[in-house]
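What follows is the content of final_34.cif, which has mmCIF, C-alpha atoms:
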data_entry
loop_
_atom_site.group_PDB
_atom_site.id
_atom_site.type_symbol
_atom_site.label_atom_id
_atom_site.label_comp_id
_atom_site.auth_asym_id
_atom_site.auth_seq_id
_atom_site.Cartn_x
_atom_site.Cartn_y
_atom_site.Cartn_z
ATOM 1 C CA MET A 1 0.000 0.000 0.000
ATOM 2 C CA ASP A 2 1.310 3.374 -0.925
ATOM 3 C CA THR A 3 2.148 5.047 2.333
ATOM 4 C CA ALA A 4 2.580 8.534 0.969
ATOM 5 C CA ILE A 5 -0.084 11.149 1.434
ATOM 6 C CA GLY A 6 0.611 13.758 -1.176
ATOM 7 C CA SER A 7 4.295 14.277 -0.764
ATOM 8 C CA PHE A 8 4.237 13.360 2.924
ATOM 9 C CA LYS A 9 5.565 9.925 3.743
ATOM 10 C CA LEU A 10 4.161 8.020 6.683
ATOM 11 C CA PRO A 11 5.475 4.927 8.383
ATOM 12 C CA GLU A 12 3.607 1.866 7.207
ATOM 13 C CA TRP A 13 1.540 1.217 10.317
ATOM 14 C CA ARG A 14 0.520 4.861 10.631
ATOM 15 C CA ALA A 15 -0.749 4.886 7.094
ATOM 16 C CA HIS A 16 -3.194 2.155 7.975
ATOM 17 C CA THR A 17 -4.669 4.237 10.756
ATOM 18 C CA CYS A 18 -4.932 7.494 8.827
ATOM 19 C CA ARG A 19 -8.114 8.352 7.102
ATOM 20 C CA CYS A 20 -7.361 9.224 3.527
ATOM 21 C CA ILE A 21 -9.326 9.654 0.381
ATOM 22 C CA ALA A 22 -7.691 8.749 -2.890
ATOM 23 C CA VAL A 23 -8.243 11.232 -5.662
ATOM 24 C CA PRO A 24 -7.249 10.161 -9.150
ATOM 25 C CA VAL A 25 -5.040 12.789 -10.712
ATOM 26 C CA PHE A 26 -5.452 13.611 -14.378
ATOM 27 C CA SER A 27 -7.179 10.269 -15.044
ATOM 28 C CA HIS A 28 -3.895 8.474 -14.407
ATOM 29 C CA SER A 29 -3.836 5.450 -12.185
ATOM 30 C CA THR A 30 -1.735 7.313 -9.621
ATOM 31 C CA CYS A 31 -3.782 8.793 -6.842
ATOM 32 C CA LEU A 32 -3.452 11.894 -4.746
ATOM 33 C CA ARG A 33 -4.093 10.851 -1.190
ATOM 34 C CA LEU A 34 -5.636 13.533 0.947
ATOM 35 C CA GLN A 35 -5.696 13.064 4.664
ATOM 36 C CA ILE A 36 -8.993 13.595 6.419
ATOM 37 C CA PHE A 37 -8.560 15.187 9.814
ATOM 38 C CA GLU A 38 -10.833 14.727 12.760
ATOM 39 C CA LYS A 39 -13.481 17.431 12.898
ATOM 40 C CA ASN A 40 -13.452 17.783 16.677
ATOM 41 C CA PRO A 41 -10.320 16.236 18.171
ATOM 42 C CA THR A 42 -10.897 17.759 21.603
ATOM 43 C CA LYS A 43 -14.263 16.117 22.130
ATOM 44 C CA ILE A 44 -14.502 12.629 23.565
ATOM 45 C CA LYS A 45 -16.747 10.386 21.522
ATOM 46 C CA ASN A 46 -17.986 6.841 21.813
ATOM 47 C CA TYR A 47 -17.071 4.968 18.680
ATOM 48 C CA GLY A 48 -18.860 1.820 17.625
ATOM 49 C CA ILE A 49 -16.930 -0.308 15.183
ATOM 50 C CA TRP A 50 -18.483 -3.151 13.258
ATOM 51 C CA LEU A 51 -15.911 -5.543 11.956
ATOM 52 C CA ARG A 52 -15.508 -8.861 10.273
ATOM 53 C CA TYR A 53 -12.447 -10.851 11.122
ATOM 54 C CA GLN A 54 -10.917 -14.145 10.228
ATOM 55 C CA SER A 55 -10.026 -16.420 13.082
ATOM 56 C CA ARG A 56 -8.291 -19.752 12.813
ATOM 57 C CA THR A 57 -11.603 -21.469 12.330
ATOM 58 C CA GLY A 58 -13.618 -19.084 10.202
ATOM 59 C CA TYR A 59 -15.044 -15.608 9.779
ATOM 60 C CA HIS A 60 -16.904 -13.784 12.495
ATOM 61 C CA ASN A 61 -18.661 -10.484 12.874
ATOM 62 C CA MET A 62 -18.115 -8.280 15.831
ATOM 63 C CA TYR A 63 -19.273 -5.015 17.259
ATOM 64 C CA LYS A 64 -16.876 -3.151 19.554
ATOM 65 C CA GLU A 65 -17.080 0.130 21.354
ATOM 66 C CA TYR A 66 -14.277 2.512 22.173
ATOM 67 C CA ARG A 67 -14.038 5.861 23.835
ATOM 68 C CA ASP A 68 -11.611 8.180 22.133
ATOM 69 C CA THR A 69 -11.236 11.673 20.786
ATOM 70 C CA THR A 70 -10.555 10.707 17.187
ATOM 71 C CA LEU A 71 -11.732 7.967 14.867
ATOM 72 C CA ASN A 72 -8.141 7.098 14.063
ATOM 73 C CA GLY A 73 -7.467 6.587 17.734
ATOM 74 C CA ALA A 74 -10.495 4.360 18.155
ATOM 75 C CA VAL A 75 -9.584 2.239 15.154
ATOM 76 C CA GLU A 76 -6.025 1.953 16.422
ATOM 77 C CA GLN A 77 -7.421 0.777 19.758
ATOM 78 C CA MET A 78 -9.558 -1.725 17.930
ATOM 79 C CA TYR A 79 -6.661 -3.225 16.026
ATOM 80 C CA THR A 80 -4.501 -3.537 19.080
ATOM 81 C CA GLU A 81 -7.354 -5.022 21.108
ATOM 82 C CA MET A 82 -8.211 -7.570 18.418
ATOM 83 C CA ALA A 83 -4.573 -8.553 18.229
ATOM 84 C CA SER A 84 -4.291 -8.985 21.974
ATOM 85 C CA ARG A 85 -7.626 -10.614 22.738
ATOM 86 C CA HIS A 86 -8.203 -12.695 19.648
ATOM 87 C CA ARG A 87 -4.761 -12.913 18.063
ATOM 88 C CA VAL A 88 -6.185 -11.414 14.903
ATOM 89 C CA ARG A 89 -3.704 -9.460 12.875
ATOM 90 C CA PHE A 90 -4.252 -6.431 10.719
ATOM 91 C CA PRO A 91 -4.761 -8.159 7.335
ATOM 92 C CA CYS A 92 -7.481 -10.406 8.750
ATOM 93 C CA ILE A 93 -9.707 -7.579 9.949
ATOM 94 C CA GLN A 94 -12.209 -5.845 7.736
ATOM 95 C CA ILE A 95 -13.957 -2.811 9.099
ATOM 96 C CA ILE A 96 -17.563 -2.870 8.008
ATOM 97 C CA LYS A 97 -18.716 0.330 9.578
ATOM 98 C CA THR A 98 -17.698 2.894 12.155
ATOM 99 C CA ALA A 99 -19.957 5.392 13.845
ATOM 100 C CA THR A 100 -20.006 7.779 16.746
ATOM 101 C CA ILE A 101 -22.594 6.515 19.170
ATOM 102 C CA PRO A 102 -24.506 8.826 21.477
ATOM 103 C CA ALA A 103 -24.115 7.870 25.109
ATOM 104 C CA LYS A 104 -27.651 6.506 25.462
ATOM 105 C CA LEU A 105 -27.172 3.955 22.721
ATOM 106 C CA CYS A 106 -23.898 2.492 23.912
ATOM 107 C CA LYS A 107 -24.102 -1.193 24.543
ATOM 108 C CA ARG A 108 -20.943 -2.038 26.408
ATOM 109 C CA ASP A 109 -20.710 -1.538 30.151
ATOM 110 C CA ASN A 110 -17.039 -0.748 29.770
ATOM 111 C CA THR A 111 -17.832 2.451 27.857
ATOM 112 C CA LYS A 112 -20.996 3.188 29.795
ATOM 113 C CA GLN A 113 -19.136 3.355 33.080
ATOM 114 C CA PHE A 114 -17.451 6.556 31.881
ATOM 115 C CA HIS A 115 -20.746 8.257 31.085
ATOM 116 C CA ASN A 116 -20.778 9.970 34.410
ATOM 117 C CA SER A 117 -20.470 13.719 34.729
ATOM 118 C CA LYS A 118 -19.312 13.353 38.325
ATOM 119 C CA ILE A 119 -16.785 10.670 37.608
ATOM 120 C CA LYS A 120 -14.295 10.150 40.377
ATOM 121 C CA PHE A 121 -11.774 7.419 41.021
ATOM 122 C CA PRO A 122 -8.372 7.189 42.643
ATOM 123 C CA LEU A 123 -5.218 6.183 40.866
ATOM 124 C CA VAL A 124 -4.129 3.179 42.804
ATOM 125 C CA VAL A 125 -0.502 2.767 41.904
ATOM 126 C CA LYS A 126 1.927 5.544 41.127
ATOM 127 C CA LYS A 127 4.191 4.787 38.214
ATOM 128 C CA VAL A 128 7.627 5.999 39.214
ATOM 129 C CA ARG A 129 9.763 6.718 36.212
ATOM 130 C CA PRO A 130 12.439 9.240 35.217
ATOM 131 C CA PRO A 131 11.128 12.207 33.252
ATOM 132 C CA THR A 132 13.150 11.337 30.181
ATOM 133 C CA ARG A 133 14.456 8.039 28.875
ATOM 134 C CA LYS A 134 17.952 9.442 29.030
ATOM 135 C CA LEU A 135 17.814 9.458 32.833
ATOM 136 C CA LYS A 136 16.869 5.796 32.969
ATOM 137 C CA THR A 137 19.304 3.641 34.981
ATOM 138 C CA THR A 138 19.374 -0.090 35.583
ATOM 139 C CA TYR A 139 19.976 0.216 39.304
ATOM 140 C CA LYS A 140 18.505 2.602 41.811
ATOM 141 C CA ALA A 141 19.664 3.374 45.320
ATOM 142 C CA THR A 142 16.232 3.100 46.908
ATOM 143 C CA ARG A 143 13.026 1.144 46.437
ATOM 144 C CA PRO A 144 10.312 3.227 44.822
ATOM 145 C CA ASN A 145 7.345 4.469 46.807
ATOM 146 C CA LEU A 146 4.313 3.399 44.821
ATOM 147 C CA PHE A 147 1.665 5.006 47.013
ATOM 148 C CA MET A 148 -0.110 7.816 45.206
ATOM 149 C CA MET B 149 -5.064 4.122 54.021
ATOM 150 C CA PRO B 150 -7.884 5.794 52.095
ATOM 151 C CA PHE B 151 -7.061 7.694 48.968
ATOM 152 C CA LYS B 152 -6.964 11.472 49.172
ATOM 153 C CA ARG B 153 -6.434 12.537 45.568
ATOM 154 C CA TYR B 154 -8.938 11.377 43.025
ATOM 155 C CA VAL B 155 -9.099 11.638 39.294
ATOM 156 C CA GLU B 156 -12.102 13.889 38.881
ATOM 157 C CA ILE B 157 -13.180 16.729 36.694
ATOM 158 C CA GLY B 158 -11.336 19.782 37.913
ATOM 159 C CA ARG B 159 -8.413 17.964 39.493
ATOM 160 C CA VAL B 160 -5.122 19.753 38.915
ATOM 161 C CA ALA B 161 -2.229 17.544 37.928
ATOM 162 C CA LEU B 162 1.418 17.936 37.097
ATOM 163 C CA VAL B 163 2.738 16.418 33.907
ATOM 164 C CA ASN B 164 5.701 14.216 34.801
ATOM 165 C CA TYR B 165 6.749 12.873 31.404
ATOM 166 C CA GLY B 166 6.834 13.880 27.798
ATOM 167 C CA LYS B 167 6.614 17.049 25.826
ATOM 168 C CA ASP B 168 4.586 18.981 28.396
ATOM 169 C CA TYR B 169 6.803 18.000 31.305
ATOM 170 C CA GLY B 170 6.417 20.242 34.339
ATOM 171 C CA LYS B 171 3.120 21.812 33.268
ATOM 172 C CA LEU B 172 0.170 22.164 35.577
ATOM 173 C CA VAL B 173 -2.918 20.896 33.821
ATOM 174 C CA VAL B 174 -6.545 20.434 34.758
ATOM 175 C CA ILE B 175 -8.400 17.185 34.148
ATOM 176 C CA VAL B 176 -11.375 18.274 32.150
ATOM 177 C CA ASP B 177 -12.873 14.888 31.266
ATOM 178 C CA VAL B 178 -12.041 11.226 31.459
ATOM 179 C CA VAL B 179 -11.644 9.301 28.209
ATOM 180 C CA ASP B 180 -11.318 5.870 29.731
ATOM 181 C CA GLN B 181 -9.532 4.194 32.618
ATOM 182 C CA ASN B 182 -6.124 5.114 31.251
ATOM 183 C CA ARG B 183 -6.547 8.523 29.710
ATOM 184 C CA ALA B 184 -7.923 11.895 30.589
ATOM 185 C CA LEU B 185 -8.791 14.912 28.552
ATOM 186 C CA VAL B 186 -6.523 17.547 29.929
ATOM 187 C CA ASP B 187 -6.403 21.306 29.521
ATOM 188 C CA ALA B 188 -4.312 24.263 30.606
ATOM 189 C CA PRO B 189 -4.531 27.959 29.756
ATOM 190 C CA ASP B 190 -1.496 27.784 27.485
ATOM 191 C CA MET B 191 -2.049 24.511 25.676
ATOM 192 C CA VAL B 192 -4.487 22.938 23.251
ATOM 193 C CA ARG B 193 -6.866 20.559 24.979
ATOM 194 C CA SER B 194 -5.530 17.055 24.483
ATOM 195 C CA GLN B 195 -5.722 13.599 25.913
ATOM 196 C CA MET B 196 -3.050 12.366 28.239
ATOM 197 C CA ASN B 197 -2.335 9.035 29.869
ATOM 198 C CA PHE B 198 -2.643 8.973 33.649
ATOM 199 C CA LYS B 199 0.844 7.553 33.745
ATOM 200 C CA ARG B 200 2.064 10.956 32.637
ATOM 201 C CA LEU B 201 0.179 12.795 35.340
ATOM 202 C CA THR B 202 0.793 13.206 39.033
ATOM 203 C CA LEU B 203 -2.306 14.422 40.801
ATOM 204 C CA ALA B 204 -2.018 17.488 42.995
ATOM 205 C CA ASP B 205 -4.022 18.474 46.044
ATOM 206 C CA ILE B 206 -5.756 21.285 44.205
ATOM 207 C CA LYS B 207 -9.184 20.888 42.685
ATOM 208 C CA ILE B 208 -11.144 23.537 40.832
ATOM 209 C CA ASP B 209 -14.870 23.798 40.369
ATOM 210 C CA ILE B 210 -15.756 23.206 36.738
ATOM 211 C CA ASN B 211 -18.284 21.277 34.726
ATOM 212 C CA ARG B 212 -17.348 18.553 32.305
ATOM 213 C CA VAL B 213 -15.363 19.986 29.396
ATOM 214 C CA PRO B 214 -15.686 23.722 30.012
ATOM 215 C CA LYS B 215 -14.917 26.361 27.427
ATOM 216 C CA LYS B 216 -11.386 27.684 27.541
ATOM 217 C CA LYS B 217 -12.503 31.013 28.947
ATOM 218 C CA THR B 218 -14.592 29.326 31.667
ATOM 219 C CA LEU B 219 -11.621 27.172 32.568
ATOM 220 C CA ILE B 220 -9.310 30.167 32.861
ATOM 221 C CA ASP B 221 -11.862 32.020 35.000
ATOM 222 C CA ALA B 222 -12.307 29.016 37.265
ATOM 223 C CA MET B 223 -8.558 28.687 37.653
ATOM 224 C CA GLU B 224 -8.329 32.346 38.588
ATOM 225 C CA LYS B 225 -11.157 31.988 41.079
ATOM 226 C CA ALA B 226 -9.555 28.961 42.718
ATOM 227 C CA ASP B 227 -6.219 30.776 42.654
ATOM 228 C CA VAL B 228 -4.461 27.690 41.364
ATOM 229 C CA LYS B 229 -1.194 29.441 40.568
ATOM 230 C CA ASN B 230 -0.754 30.909 44.047
ATOM 231 C CA LYS B 231 -1.944 27.802 45.840
ATOM 232 C CA TRP B 232 0.547 25.781 43.848
ATOM 233 C CA GLU B 233 3.454 28.126 44.370
ATOM 234 C CA ASN B 234 2.795 28.280 48.108
ATOM 235 C CA SER B 235 2.393 24.553 48.534
ATOM 236 C CA SER B 236 5.466 22.678 49.701
ATOM 237 C CA TRP B 237 5.574 20.697 46.460
ATOM 238 C CA GLY B 238 5.329 23.814 44.331
ATOM 239 C CA ARG B 239 7.953 25.608 46.357
ATOM 240 C CA LYS B 240 10.351 22.692 46.010
ATOM 241 C CA LEU B 241 9.956 22.737 42.237
ATOM 242 C CA ILE B 242 10.600 26.464 42.107
ATOM 243 C CA VAL B 243 13.768 26.059 44.148
ATOM 244 C CA GLN B 244 14.898 23.187 41.902
ATOM 245 C CA LYS B 245 14.316 25.290 38.823
ATOM 246 C CA ARG B 246 16.193 28.180 40.369
ATOM 247 C CA ARG B 247 19.115 25.967 41.239
ATOM 248 C CA THR B 248 19.454 24.546 37.717
ATOM 249 C CA SER B 249 19.317 27.996 36.189
ATOM 250 C CA LEU B 250 22.172 29.414 38.269
ATOM 251 C CA ASN B 251 25.192 30.562 36.356
ATOM 252 C CA ASP B 252 28.696 30.399 37.739
ATOM 253 C CA PHE B 253 28.558 33.876 39.242
ATOM 254 C CA ASP B 254 25.296 33.031 41.001
ATOM 255 C CA ARG B 255 26.828 29.892 42.406
ATOM 256 C CA PHE B 256 29.728 31.974 43.696
ATOM 257 C CA LYS B 257 27.324 34.379 45.382
ATOM 258 C CA LEU B 258 25.444 31.429 46.838
ATOM 259 C CA MET B 259 28.678 30.001 48.199
ATOM 260 C CA LEU B 260 29.478 33.301 49.919
ATOM 261 C CA ALA B 261 25.990 33.538 51.361
ATOM 262 C CA LYS B 262 26.226 29.998 52.668
ATOM 263 C CA ILE B 263 29.587 30.673 54.295
ATOM 264 C CA LYS B 264 28.194 33.785 55.934
ATOM 265 C CA PHE B 265 25.181 31.878 57.192
ATOM 266 C CA TRP B 266 27.146 29.002 58.657
ATOM 267 C CA VAL B 267 29.590 31.312 60.388
ATOM 268 C CA VAL B 268 26.762 33.126 62.129
ATOM 269 C CA PHE B 269 25.031 29.812 62.851
ATOM 270 C CA ASN B 270 28.070 28.293 64.479
ATOM 271 C CA VAL B 271 28.819 31.402 66.490
ATOM 272 C CA LEU B 272 25.250 31.400 67.785
ATOM 273 C CA LYS B 273 25.401 27.706 68.493
ATOM 274 C CA ILE B 274 28.597 27.918 70.500
ATOM 275 C CA GLY B 275 27.327 31.025 72.226
ATOM 276 C CA ILE B 276 24.199 29.209 73.312
ATOM 277 C CA MET B 277 26.148 26.148 74.404
ATOM 278 C CA LEU B 278 28.434 28.245 76.545
ATOM 279 C CA GLY B 279 25.499 30.240 77.829
ATOM 280 C CA ILE B 280 27.318 33.424 76.850
ATOM 281 C CA LEU B 281 24.907 34.858 74.330
ATOM 282 C CA PHE B 282 21.661 33.957 75.997
ATOM 283 C CA PRO B 283 22.035 33.861 79.742
ATOM 284 C CA ILE B 284 18.366 33.040 80.025
ATOM 285 C CA PRO B 285 17.894 29.410 78.960
ATOM 286 C CA MET B 286 16.201 29.693 75.607
ATOM 287 C CA LYS B 287 13.773 27.151 74.341
ATOM 288 C CA ALA B 288 15.096 25.038 71.494
ATOM 289 C CA GLY B 289 12.132 25.975 69.326
ATOM 290 C CA MET B 290 12.879 29.676 69.520
ATOM 291 C CA VAL B 291 16.479 29.055 68.570
ATOM 292 C CA ARG B 292 15.402 27.071 65.567
ATOM 293 C CA GLN B 293 13.064 29.864 64.524
ATOM 294 C CA GLU B 294 15.874 32.399 64.644
ATOM 295 C CA LEU B 295 18.074 30.170 62.549
ATOM 296 C CA ALA B 296 15.269 29.495 60.079
ATOM 297 C CA LYS B 297 14.834 33.213 59.641
ATOM 298 C CA LEU B 298 18.528 33.596 58.890
ATOM 299 C CA LYS B 299 18.354 30.724 56.408
ATOM 300 C CA LYS B 300 15.411 32.265 54.593
ATOM 301 C CA GLU B 301 17.241 35.533 54.259
ATOM 302 C CA THR B 302 20.198 33.925 52.602
ATOM 303 C CA ALA B 303 18.121 31.625 50.442
ATOM 304 C CA ALA B 304 18.578 32.344 46.755
#

As structure tokens:
Amino acid sequence: MDTAIGSFKLPEWRAHTCRCIAVPVFSHSTCLRLQIFEKNPTKIKNYGIWLRYQSRTGYHNMYKEYRDTTLNGAVEQMYTEMASRHRVRFPCIQIIKTATIPAKLCKRDNTKQFHNSKIKFPLVVKKVRPPTRKLKTTYKATRPNLFM
Amino acid sequence: MPFKRYVEIGRVALVNYGKDYGKLVVIVDVVDQNRALVDAPDMVRSQMNFKRLTLADIKIDINRVPKKKTLIDAMEKADVKNKWENSSWGRKLIVQKRRTSLNDFDRFKLMLAKIKFWVVFNVLKIGIMLGILFPIPMKAGMVRQELAKLKKETAA
């Protein structure tokens, strides 16, 4: 798959998660790929993704829900989740449909639990890490304090 | 031990990793269990992993996903900047920043100030021990206060 959008080259895996439309240029077979950007990337949306995937034993349909700010992000989540939960890789997944779902129509409890305007939860474990990877060391003088 | 700092809308957090390292941001909405929608007066609203945030004690009163102007007003009302700079955590960060930004001349001045402080400190200490300076037995707390005052004066 051509991973260039216009004259802008993307790494292979990124190209799969970018929304592009292919515009044929001057009736040649080469296409101008124009990237579609998210209309409202600061708004959290519930994405429903209908997909068809091939498992080791056959094809199955699935409907999954994700909370994200962009469609690209939701689709990326979907691919990684399918790979981890069902061992389905990118070529075996076909996205049938994606849609933003209003909160009332969400089916999955996992997304519905965040539909709370007074949401409140503690962070249980503090991840102690150096602020840049350069400051990472193999050994530390003291044990980390993981209490938030 | 019950938790004191919660991820909630309006919680102020410090970014501890990444491009926005050191920024104070406000949690404006929760995307899912790992990410929050985060906003600050000087940045575009974006999502951030909780692993990059350290929650602070400050919480401001806002609704879910406020407009930028509302957020700025709420931060002014809650006096986030001053509360942060007067908190022990905020003060420590300011001192750290100051220390890293010293140039050689500043470090020289700091060295002189420290020498001056410790000379006075030791003179006072010996004076107290020998009972010369303060014939009336002084309470240890008062002595510490005097020394703390001296230390603050010579602090960069």

Matched chain/residue IDs from the PyMOL selection byres ((chain A) within 10 of (chain B)), as an MDAnalysis selection string
chainID A and resid 41:46 66:69 110:111 113:133 147:148

Work out how far atom CA of Ile242 of chain B is from atom CA of Phe265 of chain B, in Å to one decimal.
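Computing the Euclidean distance for atom CA of Phe265 of chain B and atom CA of Ile242 of chain B yields 21.7 Å.
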
May I ask for the distance between atom CA of His86 of chain A and atom CA of Tyr63 of chain A, given in Å to one decimal place?
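Spanning atom CA of His86 of chain A to atom CA of Tyr63 of chain A is a straight-line distance of 13.7 Å.
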
Measuring atom to atom with only C-alpha atoms, identify which of B:Lys240, B:Lys216, B:Lys273, B:Lys264 is nearest to Met191 of chain B.
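For Met191 of chain B, the nearest of the given residues is B:Lys216.
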
Atom CA of Lys97 of chain A to atom CA of Ile49 of chain A, distance in Å rounded to a single decimal
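So the answer is 5.9 Å.
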